[in-house]
Structures are given as C-alpha cells and as structure tokens.
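Trainee: entry31.csv is reproduced below (CSV, all heavy atoms).
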chain,number,residue,atom,x,y,z
G,862,MET,N,0.8,-1.2,0.0
G,862,MET,CA,0.0,0.0,0.0
G,862,MET,C,0.9,1.2,0.0
G,862,MET,O,1.8,1.3,0.7
G,862,MET,CB,-0.9,0.0,1.2
G,862,MET,CG,-1.8,1.1,1.3
G,862,MET,SD,-2.8,0.8,2.8
G,862,MET,CE,-3.9,2.2,2.7
G,863,GLU,N,0.6,2.2,-0.8
G,863,GLU,CA,1.3,3.4,-1.0
G,863,GLU,C,1.0,4.3,0.2
G,863,GLU,O,-0.1,4.5,0.7
G,863,GLU,CB,1.0,4.1,-2.3
G,863,GLU,CG,1.9,5.3,-2.6
G,863,GLU,CD,1.6,5.8,-4.0
G,863,GLU,OE1,1.4,5.0,-4.9
G,863,GLU,OE2,1.7,7.0,-4.2
G,864,GLU,N,2.1,5.0,0.7
G,864,GLU,CA,2.0,5.9,1.9
G,864,GLU,C,1.5,7.3,1.4
G,864,GLU,O,1.8,7.7,0.3
G,864,GLU,CB,3.3,6.1,2.6
G,864,GLU,CG,3.8,4.8,3.3
G,864,GLU,CD,3.0,4.4,4.5
G,864,GLU,OE1,2.2,5.2,4.9
G,864,GLU,OE2,3.3,3.3,5.0
G,865,PRO,N,0.8,8.0,2.3
G,865,PRO,CA,0.3,9.3,1.9
G,865,PRO,C,1.4,10.3,1.6
G,865,PRO,O,2.5,10.2,2.2
G,865,PRO,CB,-0.5,9.8,3.2
G,865,PRO,CG,-0.8,8.5,3.9
G,865,PRO,CD,0.3,7.6,3.6
G,866,GLN,N,1.2,11.2,0.7
G,866,GLN,CA,2.1,12.3,0.4
G,866,GLN,C,1.4,13.5,-0.1
G,866,GLN,O,0.3,13.4,-0.7
G,866,GLN,CB,3.0,11.8,-0.8
G,866,GLN,CG,4.1,12.7,-1.2
G,866,GLN,CD,5.0,12.1,-2.2
G,866,GLN,OE1,4.9,11.0,-2.6
G,866,GLN,NE2,6.0,12.9,-2.7
G,867,ILE,N,2.0,14.7,0.3
G,867,ILE,CA,1.4,15.9,-0.2
G,867,ILE,C,2.5,16.8,-0.7
G,867,ILE,O,3.6,16.9,0.0
G,867,ILE,CB,0.5,16.6,0.9
G,867,ILE,CG1,-0.1,17.9,0.4
G,867,ILE,CG2,1.4,16.9,2.1
G,867,ILE,CD1,-1.1,18.5,1.3
G,868,ARG,N,2.3,17.5,-1.8
G,868,ARG,CA,3.3,18.5,-2.3
G,868,ARG,C,2.6,19.8,-2.6
G,868,ARG,O,1.6,19.8,-3.3
G,868,ARG,CB,3.9,17.9,-3.6
G,868,ARG,CG,5.0,18.8,-4.1
G,868,ARG,CD,5.7,18.2,-5.3
G,868,ARG,NE,6.7,19.1,-5.8
G,868,ARG,CZ,8.0,18.7,-5.9
G,868,ARG,NH1,8.4,17.5,-5.6
G,868,ARG,NH2,8.9,19.5,-6.4
G,869,LEU,N,3.1,20.9,-2.1
G,869,LEU,CA,2.6,22.2,-2.3
G,869,LEU,C,3.7,23.1,-2.9
G,869,LEU,O,4.8,23.0,-2.6
G,869,LEU,CB,2.2,22.8,-0.9
G,869,LEU,CG,1.2,22.1,-0.1
G,869,LEU,CD1,1.1,22.7,1.3
G,869,LEU,CD2,-0.1,22.0,-0.7
G,870,GLY,N,3.3,23.9,-3.9
G,870,GLY,CA,4.2,24.8,-4.5
G,870,GLY,C,4.2,24.8,-6.0
G,870,GLY,O,3.3,24.3,-6.6
G,871,THR,N,5.3,25.3,-6.5
G,871,THR,CA,5.5,25.4,-8.0
G,871,THR,C,6.8,24.6,-8.3
G,871,THR,O,7.5,24.1,-7.4
G,871,THR,CB,5.6,26.8,-8.4
G,871,THR,OG1,6.8,27.4,-7.8
G,871,THR,CG2,4.4,27.6,-8.0
G,872,ASP,N,7.2,24.7,-9.6
G,872,ASP,CA,8.5,24.1,-10.0
G,872,ASP,C,9.7,24.8,-9.3
G,872,ASP,O,10.7,24.2,-9.0
G,872,ASP,CB,8.7,24.2,-11.5
G,872,ASP,CG,7.8,23.2,-12.2
G,872,ASP,OD1,7.3,22.3,-11.6
G,872,ASP,OD2,7.6,23.4,-13.4
G,873,ASP,N,9.6,26.1,-9.0
G,873,ASP,CA,10.7,26.9,-8.4
G,873,ASP,C,10.7,26.7,-6.8
G,873,ASP,O,11.8,26.8,-6.3
G,873,ASP,CB,10.6,28.3,-8.7
G,873,ASP,CG,10.8,28.6,-10.2
G,873,ASP,OD1,11.6,27.8,-10.8
G,873,ASP,OD2,10.2,29.5,-10.8
G,874,ALA,N,9.6,26.7,-6.2
G,874,ALA,CA,9.5,26.6,-4.7
G,874,ALA,C,8.4,25.6,-4.3
G,874,ALA,O,7.3,25.7,-4.7
G,874,ALA,CB,9.2,28.0,-4.2
G,875,TRP,N,8.8,24.6,-3.5
G,875,TRP,CA,7.9,23.6,-3.1
G,875,TRP,C,8.2,23.0,-1.7
G,875,TRP,O,9.3,23.2,-1.2
G,875,TRP,CB,7.8,22.5,-4.1
G,875,TRP,CG,9.1,21.9,-4.5
G,875,TRP,CD1,9.9,22.3,-5.6
G,875,TRP,CD2,9.9,20.9,-3.8
G,875,TRP,NE1,11.1,21.6,-5.6
G,875,TRP,CE2,11.1,20.7,-4.5
G,875,TRP,CE3,9.7,20.1,-2.7
G,875,TRP,CZ2,12.1,19.8,-4.2
G,875,TRP,CZ3,10.6,19.2,-2.3
G,875,TRP,CH2,11.8,19.1,-3.0
G,876,LEU,N,7.2,22.4,-1.1
G,876,LEU,CA,7.3,21.7,0.1
G,876,LEU,C,6.6,20.3,-0.1
G,876,LEU,O,5.5,20.3,-0.6
G,876,LEU,CB,6.7,22.4,1.3
G,876,LEU,CG,6.6,21.7,2.6
G,876,LEU,CD1,8.0,21.6,3.2
G,876,LEU,CD2,5.6,22.3,3.5
G,877,ASP,N,7.3,19.3,0.4
G,877,ASP,CA,6.8,17.9,0.2
G,877,ASP,C,6.8,17.2,1.5
G,877,ASP,O,7.8,17.2,2.2
G,877,ASP,CB,7.7,17.2,-0.8
G,877,ASP,CG,7.2,15.8,-1.1
G,877,ASP,OD1,6.3,15.7,-2.0
G,877,ASP,OD2,7.6,14.8,-0.5
G,878,LEU,N,5.6,16.6,1.9
G,878,LEU,CA,5.5,15.7,3.0
G,878,LEU,C,5.2,14.3,2.6
G,878,LEU,O,4.3,14.2,1.8
G,878,LEU,CB,4.4,16.2,4.0
G,878,LEU,CG,4.5,17.5,4.7
G,878,LEU,CD1,3.3,17.8,5.5
G,878,LEU,CD2,5.7,17.4,5.7
G,879,ALA,N,6.0,13.4,3.0
G,879,ALA,CA,5.7,12.0,2.6
G,879,ALA,C,5.8,11.1,3.8
G,879,ALA,O,6.9,11.1,4.5
G,879,ALA,CB,6.7,11.5,1.5
G,880,ARG,N,4.8,10.3,4.1
G,880,ARG,CA,4.8,9.4,5.3
G,880,ARG,C,5.7,8.3,5.0
G,880,ARG,O,5.7,7.7,3.9
G,880,ARG,CB,3.4,8.9,5.6
G,880,ARG,CG,3.4,8.0,6.8
G,880,ARG,CD,2.1,7.5,7.1
G,880,ARG,NE,1.5,8.4,8.1
G,880,ARG,CZ,0.2,8.4,8.4
G,880,ARG,NH1,-0.7,7.6,7.8
G,880,ARG,NH2,-0.2,9.2,9.3
G,881,THR,N,6.6,8.0,5.9
G,881,THR,CA,7.6,6.9,5.8
G,881,THR,C,7.2,5.7,6.7
G,881,THR,O,7.8,4.7,6.6
G,881,THR,CB,9.0,7.3,6.0
G,881,THR,OG1,9.1,7.9,7.3
G,881,THR,CG2,9.4,8.4,5.0
G,882,GLY,N,6.2,5.9,7.5
G,882,GLY,CA,5.7,4.8,8.4
G,882,GLY,C,5.2,5.4,9.7
G,882,GLY,O,5.9,6.3,10.3
G,883,GLY,N,4.1,5.0,10.2
G,883,GLY,CA,3.5,5.4,11.4
G,883,GLY,C,3.4,6.9,11.5
G,883,GLY,O,2.8,7.5,10.6
G,884,ASP,N,4.0,7.6,12.5
G,884,ASP,CA,3.9,9.0,12.6
G,884,ASP,C,5.2,9.7,12.1
G,884,ASP,O,5.5,10.8,12.3
G,884,ASP,CB,3.8,9.4,14.1
G,884,ASP,CG,2.4,9.2,14.6
G,884,ASP,OD1,1.4,9.0,13.8
G,884,ASP,OD2,2.2,9.2,15.8
G,885,THR,N,6.0,8.9,11.3
G,885,THR,CA,7.2,9.4,10.7
G,885,THR,C,7.0,10.0,9.3
G,885,THR,O,6.4,9.3,8.5
G,885,THR,CB,8.3,8.3,10.7
G,885,THR,OG1,8.4,7.8,12.0
G,885,THR,CG2,9.6,8.9,10.2
G,886,TRP,N,7.4,11.2,9.1
G,886,TRP,CA,7.2,11.9,7.8
G,886,TRP,C,8.6,12.4,7.3
G,886,TRP,O,9.4,12.8,8.1
G,886,TRP,CB,6.2,13.0,7.9
G,886,TRP,CG,4.8,12.6,8.1
G,886,TRP,CD1,4.3,12.1,9.3
G,886,TRP,CD2,3.8,12.5,7.2
G,886,TRP,NE1,3.0,11.8,9.2
G,886,TRP,CE2,2.6,12.0,7.9
G,886,TRP,CE3,3.7,12.8,5.9
G,886,TRP,CZ2,1.4,11.8,7.3
G,886,TRP,CZ3,2.5,12.6,5.2
G,886,TRP,CH2,1.4,12.1,5.9
G,887,ARG,N,8.8,12.3,6.0
G,887,ARG,CA,9.9,13.0,5.4
G,887,ARG,C,9.5,14.3,4.9
G,887,ARG,O,8.5,14.4,4.1
G,887,ARG,CB,10.4,12.1,4.2
G,887,ARG,CG,11.8,12.5,3.7
G,887,ARG,CD,12.8,11.9,4.5
G,887,ARG,NE,14.0,12.6,4.4
G,887,ARG,CZ,14.9,12.8,5.4
G,887,ARG,NH1,14.6,12.3,6.6
G,887,ARG,NH2,16.0,13.5,5.2
G,888,VAL,N,10.2,15.4,5.3
G,888,VAL,CA,9.9,16.7,4.9
G,888,VAL,C,11.0,17.2,3.9
G,888,VAL,O,12.2,17.1,4.3
G,888,VAL,CB,9.8,17.7,6.1
G,888,VAL,CG1,9.5,19.1,5.6
G,888,VAL,CG2,8.8,17.2,7.1
G,889,SER,N,10.7,17.6,2.7
G,889,SER,CA,11.6,18.1,1.8
G,889,SER,C,11.1,19.4,1.2
G,889,SER,O,9.9,19.6,1.1
G,889,SER,CB,11.8,17.1,0.6
G,889,SER,OG,12.2,15.8,1.0
G,890,ALA,N,12.0,20.3,1.0
G,890,ALA,CA,11.6,21.6,0.5
G,890,ALA,C,12.7,22.2,-0.4
G,890,ALA,O,13.9,21.9,-0.2
G,890,ALA,CB,11.3,22.6,1.6
G,891,ASP,N,12.3,23.1,-1.3
G,891,ASP,CA,13.3,23.7,-2.1
G,891,ASP,C,12.7,25.1,-2.5
G,891,ASP,O,11.6,25.2,-2.8
G,891,ASP,CB,13.6,23.0,-3.4
G,891,ASP,CG,14.7,23.6,-4.3
G,891,ASP,OD1,14.4,24.6,-4.9
G,891,ASP,OD2,15.8,23.0,-4.2
G,892,TRP,N,13.6,26.1,-2.3
G,892,TRP,CA,13.2,27.5,-2.7
G,892,TRP,C,14.2,28.0,-3.7
G,892,TRP,O,15.3,28.4,-3.3
G,892,TRP,CB,13.1,28.4,-1.5
G,892,TRP,CG,12.6,29.8,-1.8
G,892,TRP,CD1,11.4,30.2,-2.2
G,892,TRP,CD2,13.4,31.0,-1.7
G,892,TRP,NE1,11.4,31.5,-2.4
G,892,TRP,CE2,12.6,32.0,-2.1
G,892,TRP,CE3,14.8,31.2,-1.4
G,892,TRP,CZ2,13.1,33.3,-2.2
G,892,TRP,CZ3,15.2,32.5,-1.4
G,892,TRP,CH2,14.4,33.6,-1.8
G,893,CYS,N,13.8,27.9,-5.0
G,893,CYS,CA,14.6,28.5,-6.1
G,893,CYS,C,16.1,27.9,-6.1
G,893,CYS,O,17.0,28.6,-6.5
G,893,CYS,CB,14.6,30.0,-6.1
G,893,CYS,SG,13.0,30.7,-6.2
G,894,SER,N,16.3,26.7,-5.5
G,894,SER,CA,17.6,26.1,-5.4
G,894,SER,C,18.5,26.9,-4.5
G,894,SER,O,19.7,26.5,-4.4
G,894,SER,CB,18.2,25.8,-6.8
G,894,SER,OG,17.4,25.0,-7.5
G,895,LEU,N,18.0,27.9,-3.8
G,895,LEU,CA,18.9,28.6,-2.9
G,895,LEU,C,18.8,28.2,-1.5
G,895,LEU,O,19.7,28.3,-0.7
G,895,LEU,CB,18.5,30.1,-2.9
G,895,LEU,CG,18.7,30.8,-4.3
G,895,LEU,CD1,18.1,32.2,-4.3
G,895,LEU,CD2,20.1,30.9,-4.7
G,896,LEU,N,17.7,27.6,-1.1
G,896,LEU,CA,17.4,27.1,0.2
G,896,LEU,C,16.7,25.8,0.1
G,896,LEU,O,15.7,25.7,-0.5
G,896,LEU,CB,16.6,28.1,1.0
G,896,LEU,CG,16.2,27.7,2.5
G,896,LEU,CD1,17.4,27.6,3.3
G,896,LEU,CD2,15.2,28.7,3.0
G,897,THR,N,17.3,24.7,0.7
G,897,THR,CA,16.8,23.4,0.6
G,897,THR,C,16.7,22.8,2.0
G,897,THR,O,17.5,23.2,2.9
G,897,THR,CB,17.6,22.5,-0.3
G,897,THR,OG1,18.9,22.3,0.2
G,897,THR,CG2,17.6,23.0,-1.7
G,898,ALA,N,15.8,21.8,2.2
G,898,ALA,CA,15.7,21.1,3.4
G,898,ALA,C,15.3,19.7,3.1
G,898,ALA,O,14.5,19.4,2.1
G,898,ALA,CB,14.6,21.8,4.3
G,899,ASN,N,15.7,18.8,4.0
G,899,ASN,CA,15.4,17.4,3.8
G,899,ASN,C,15.6,16.7,5.2
G,899,ASN,O,16.7,16.5,5.6
G,899,ASN,CB,16.2,16.7,2.7
G,899,ASN,CG,15.7,15.4,2.3
G,899,ASN,OD1,14.5,15.0,2.6
G,899,ASN,ND2,16.5,14.6,1.7
G,900,PHE,N,14.5,16.4,5.9
G,900,PHE,CA,14.7,15.9,7.3
G,900,PHE,C,13.4,15.1,7.6
G,900,PHE,O,12.4,15.1,7.0
G,900,PHE,CB,14.9,17.0,8.3
G,900,PHE,CG,13.7,18.0,8.3
G,900,PHE,CD1,12.7,17.9,9.2
G,900,PHE,CD2,13.8,19.2,7.5
G,900,PHE,CE1,11.6,18.8,9.2
G,900,PHE,CE2,12.8,20.1,7.5
G,900,PHE,CZ,11.7,19.9,8.4
G,901,THR,N,13.6,14.3,8.7
G,901,THR,CA,12.5,13.5,9.3
G,901,THR,C,11.8,14.3,10.3
G,901,THR,O,12.4,15.0,11.2
G,901,THR,CB,13.1,12.2,9.9
G,901,THR,OG1,13.8,11.5,8.8
G,901,THR,CG2,12.0,11.3,10.4
G,902,ALA,N,10.5,14.2,10.4
G,902,ALA,CA,9.6,14.8,11.4
G,902,ALA,C,8.6,13.8,11.9
G,902,ALA,O,8.2,12.9,11.2
G,902,ALA,CB,8.9,16.0,10.8
G,903,TYR,N,8.3,13.9,13.2
G,903,TYR,CA,7.3,13.0,13.8
G,903,TYR,C,6.0,13.8,14.0
G,903,TYR,O,6.0,14.7,14.8
G,903,TYR,CB,7.9,12.5,15.1
G,903,TYR,CG,9.1,11.7,14.9
G,903,TYR,CD1,10.4,12.3,15.0
G,903,TYR,CD2,9.0,10.4,14.4
G,903,TYR,CE1,11.5,11.6,14.8
G,903,TYR,CE2,10.2,9.7,14.2
G,903,TYR,CZ,11.4,10.3,14.3
G,903,TYR,OH,12.6,9.5,14.1
G,904,LEU,N,5.0,13.6,13.1
G,904,LEU,CA,3.8,14.4,13.1
G,904,LEU,C,2.6,13.4,13.2
G,904,LEU,O,2.6,12.4,12.6
G,904,LEU,CB,3.7,15.1,11.7
G,904,LEU,CG,4.9,16.0,11.4
G,904,LEU,CD1,4.8,16.4,9.9
G,904,LEU,CD2,4.9,17.2,12.3
G,905,SER,N,1.6,13.9,14.0
G,905,SER,CA,0.4,13.1,14.1
G,905,SER,C,-0.5,13.4,12.9
G,905,SER,O,-0.2,14.3,12.1
G,905,SER,CB,-0.4,13.6,15.3
G,905,SER,OG,-0.9,14.9,15.2
G,906,ASP,N,-1.5,12.5,12.6
G,906,ASP,CA,-2.4,12.7,11.5
G,906,ASP,C,-3.1,14.1,11.6
G,906,ASP,O,-3.3,14.8,10.6
G,906,ASP,CB,-3.4,11.6,11.5
G,906,ASP,CG,-2.8,10.3,11.0
G,906,ASP,OD1,-1.7,10.3,10.4
G,906,ASP,OD2,-3.5,9.3,11.2
G,907,ALA,N,-3.4,14.5,12.8
G,907,ALA,CA,-4.1,15.8,13.1
G,907,ALA,C,-3.1,17.0,12.7
G,907,ALA,O,-3.6,17.9,12.0
G,907,ALA,CB,-4.5,15.9,14.5
G,908,GLU,N,-1.9,16.9,13.0
G,908,GLU,CA,-0.9,17.9,12.6
G,908,GLU,C,-0.8,18.0,11.1
G,908,GLU,O,-0.7,19.1,10.5
G,908,GLU,CB,0.4,17.7,13.2
G,908,GLU,CG,0.4,17.9,14.7
G,908,GLU,CD,1.7,17.4,15.4
G,908,GLU,OE1,2.2,16.3,15.1
G,908,GLU,OE2,2.2,18.2,16.2
G,909,VAL,N,-0.7,16.9,10.4
G,909,VAL,CA,-0.6,16.9,8.9
G,909,VAL,C,-1.9,17.4,8.3
G,909,VAL,O,-1.8,18.2,7.4
G,909,VAL,CB,-0.3,15.5,8.4
G,909,VAL,CG1,-0.3,15.4,6.9
G,909,VAL,CG2,1.1,15.0,8.9
G,910,ALA,N,-3.0,17.0,8.8
G,910,ALA,CA,-4.3,17.6,8.3
G,910,ALA,C,-4.4,19.1,8.5
G,910,ALA,O,-4.9,19.8,7.6
G,910,ALA,CB,-5.5,16.9,9.0
G,911,GLU,N,-4.0,19.6,9.7
G,911,GLU,CA,-4.0,21.0,9.9
G,911,GLU,C,-3.1,21.7,8.9
G,911,GLU,O,-3.4,22.8,8.4
G,911,GLU,CB,-3.6,21.3,11.4
G,911,GLU,CG,-3.6,22.7,11.7
G,911,GLU,CD,-5.0,23.3,11.7
G,911,GLU,OE1,-6.0,22.6,11.9
G,911,GLU,OE2,-5.1,24.6,11.5
G,912,PHE,N,-1.9,21.2,8.7
G,912,PHE,CA,-1.0,21.8,7.7
G,912,PHE,C,-1.6,21.8,6.3
G,912,PHE,O,-1.5,22.9,5.7
G,912,PHE,CB,0.3,21.0,7.7
G,912,PHE,CG,1.2,21.4,6.5
G,912,PHE,CD1,2.0,22.5,6.7
G,912,PHE,CD2,1.3,20.7,5.4
G,912,PHE,CE1,2.8,22.9,5.6
G,912,PHE,CE2,2.1,21.1,4.3
G,912,PHE,CZ,2.9,22.2,4.4
G,913,ALA,N,-2.2,20.8,5.9
G,913,ALA,CA,-2.8,20.7,4.6
G,913,ALA,C,-4.0,21.6,4.4
G,913,ALA,O,-4.2,22.2,3.4
G,913,ALA,CB,-3.3,19.3,4.3
G,914,ARG,N,-4.7,21.9,5.5
G,914,ARG,CA,-5.9,22.8,5.5
G,914,ARG,C,-5.4,24.2,5.3
G,914,ARG,O,-5.9,25.0,4.7
G,914,ARG,CB,-6.6,22.6,6.8
G,914,ARG,CG,-7.9,23.4,6.8
G,914,ARG,CD,-8.7,23.2,8.0
G,914,ARG,NE,-7.9,22.5,9.1
G,914,ARG,CZ,-8.5,21.8,10.0
G,914,ARG,NH1,-9.8,21.8,10.2
G,914,ARG,NH2,-7.8,21.2,10.9
Would you mind giving the structure from this file in structure tokens?
Mentor:
Amino acid sequence: MEEPQIRLGTDDAWLDLARTGGDTWRVSADWCSLLTANFTAYLSDAEVAEFAR
C-alpha cells in the first residue's frame, strides 16, 4: 500500500511531506535552489491535516 504524500508549491519553490511509516514523515523543500531542506519529522495525523488545511 502506498503511503500518503502531499506536495505544495511550484517548480521553483515547493514543500513535500511523505509518510515513511507510522507518525514518521519525510519533509523536503526547495526554494529556487537557494534554500533546501530534507529531514525526518514526527507528526500526528491531526498535525498533517492542519498543515494541509
């Protein structure tokens, strides 16, 4: 079964959340290739739903 994922933004600037299991999510972001992020976060389903809203 595929894990949930959400991506917000454009080709130049984006944020991606991808569940890797349980309450573990991979957070990746890129802003015009000048600022990037890639880390693990522990988020509840309620926190992810609030972010998406």
Trainee: So which one's closest to Asp891 of chain G, G:Glu911, G:Glu863, G:Asp906, G:Asp872? Using all atoms listed in the file, please.
Mentor: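 Going through G:Glu911, G:Glu863, G:Asp906, G:Asp872 one by one, the smallest distance to Asp891 of chain G is for G:Asp872.
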Trainee: Quick one: pull the distance between atom O of Arg887 of chain G and atom OD2 of Asp873 of chain G, Å, one decimal.
Mentor: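 According to the coordinates, atom O of Arg887 of chain G and atom OD2 of Asp873 of chain G are separated by 21.3 Å.
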Trainee: Could you pull the residues within 6 Å of Ala879 of chain G, counting all heavy atoms, minus those fewer than 5 positions along the same chain, as an MDAnalysis selection string?
Mentor: chainID G and resid 864:867 885:888
Trainee: My list of candidates is G:Leu904, G:Leu895, G:Ala913, G:Ala890. Which is closest to Trp875 of chain G when distances are computed with only C-alpha atoms?
Mentor: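 Looking only at the distances to Trp875 of chain G, the closest residue turns out to be G:Ala890.
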Trainee: Find the spatial neighbours of Asp884 of chain G, counting all atoms listed in the file, within a cut-off of 4.5 Å - ignore same-chain residues fewer than 4 positions away - and output them as a list in words.
Mentor: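 Returned residues: Ala902, Tyr903, Leu904 and Ser905 of chain G.
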Trainee: Okay, now the selection with all heavy atoms, as a JSON list (two decimals), in the coordinates of the input?
Mentor:
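Wrote it out as selection_15.json, contents follow:
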[["chain", "number", "residue", "atom", "x", "y", "z"],
["G", 902, "ALA", "N", 10.50, 14.20, 10.40],
["G", 902, "ALA", "CA", 9.60, 14.80, 11.40],
["G", 902, "ALA", "C", 8.60, 13.80, 11.90],
["G", 902, "ALA", "O", 8.20, 12.90, 11.20],
["G", 902, "ALA", "CB", 8.90, 16.00, 10.80],
["G", 903, "TYR", "N", 8.30, 13.90, 13.20],
["G", 903, "TYR", "CA", 7.30, 13.00, 13.80],
["G", 903, "TYR", "C", 6.00, 13.80, 14.00],
["G", 903, "TYR", "O", 6.00, 14.70, 14.80],
["G", 903, "TYR", "CB", 7.90, 12.50, 15.10],
["G", 903, "TYR", "CG", 9.10, 11.70, 14.90],
["G", 903, "TYR", "CD1", 10.40, 12.30, 15.00],
["G", 903, "TYR", "CD2", 9.00, 10.40, 14.40],
["G", 903, "TYR", "CE1", 11.50, 11.60, 14.80],
["G", 903, "TYR", "CE2", 10.20, 9.70, 14.20],
["G", 903, "TYR", "CZ", 11.40, 10.30, 14.30],
["G", 903, "TYR", "OH", 12.60, 9.50, 14.10],
["G", 904, "LEU", "N", 5.00, 13.60, 13.10],
["G", 904, "LEU", "CA", 3.80, 14.40, 13.10],
["G", 904, "LEU", "C", 2.60, 13.40, 13.20],
["G", 904, "LEU", "O", 2.60, 12.40, 12.60],
["G", 904, "LEU", "CB", 3.70, 15.10, 11.70],
["G", 904, "LEU", "CG", 4.90, 16.00, 11.40],
["G", 904, "LEU", "CD1", 4.80, 16.40, 9.90],
["G", 904, "LEU", "CD2", 4.90, 17.20, 12.30],
["G", 905, "SER", "N", 1.60, 13.90, 14.00],
["G", 905, "SER", "CA", 0.40, 13.10, 14.10],
["G", 905, "SER", "C", -0.50, 13.40, 12.90],
["G", 905, "SER", "O", -0.20, 14.30, 12.10],
["G", 905, "SER", "CB", -0.40, 13.60, 15.30],
["G", 905, "SER", "OG", -0.90, 14.90, 15.20]]
Trainee: Would you mind reading off the distance between atom N of Cys893 of chain G and atom O of Ala874 of chain G, one decimal, in Å?
Mentor: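 Result for atom N of Cys893 of chain G versus atom O of Ala874 of chain G: 6.9 Å, one decimal.
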Trainee: What are the DSSP strand (DSSP E) residues of chain G, as a PyMOL selection string?
Mentor: chain G and resi 866-870+874-882+885-892+896-903
Trainee: Could you pull out the alpha helix (DSSP H) residues of chain G from DSSP and send them as a list of chain:residue names?
Mentor: G:Asp906, G:Ala907, G:Glu908, G:Val909, G:Ala910, G:Glu911, G:Phe912, G:Ala913
Trainee: Do you know which residues are at most 4 Å from Phe912 of chain G counting all atoms listed in the file, after dropping those on the same chain fewer than 3 positions away, and could you put them as a ChimeraX atom specification?
Mentor: /G:869,876,878,908-909
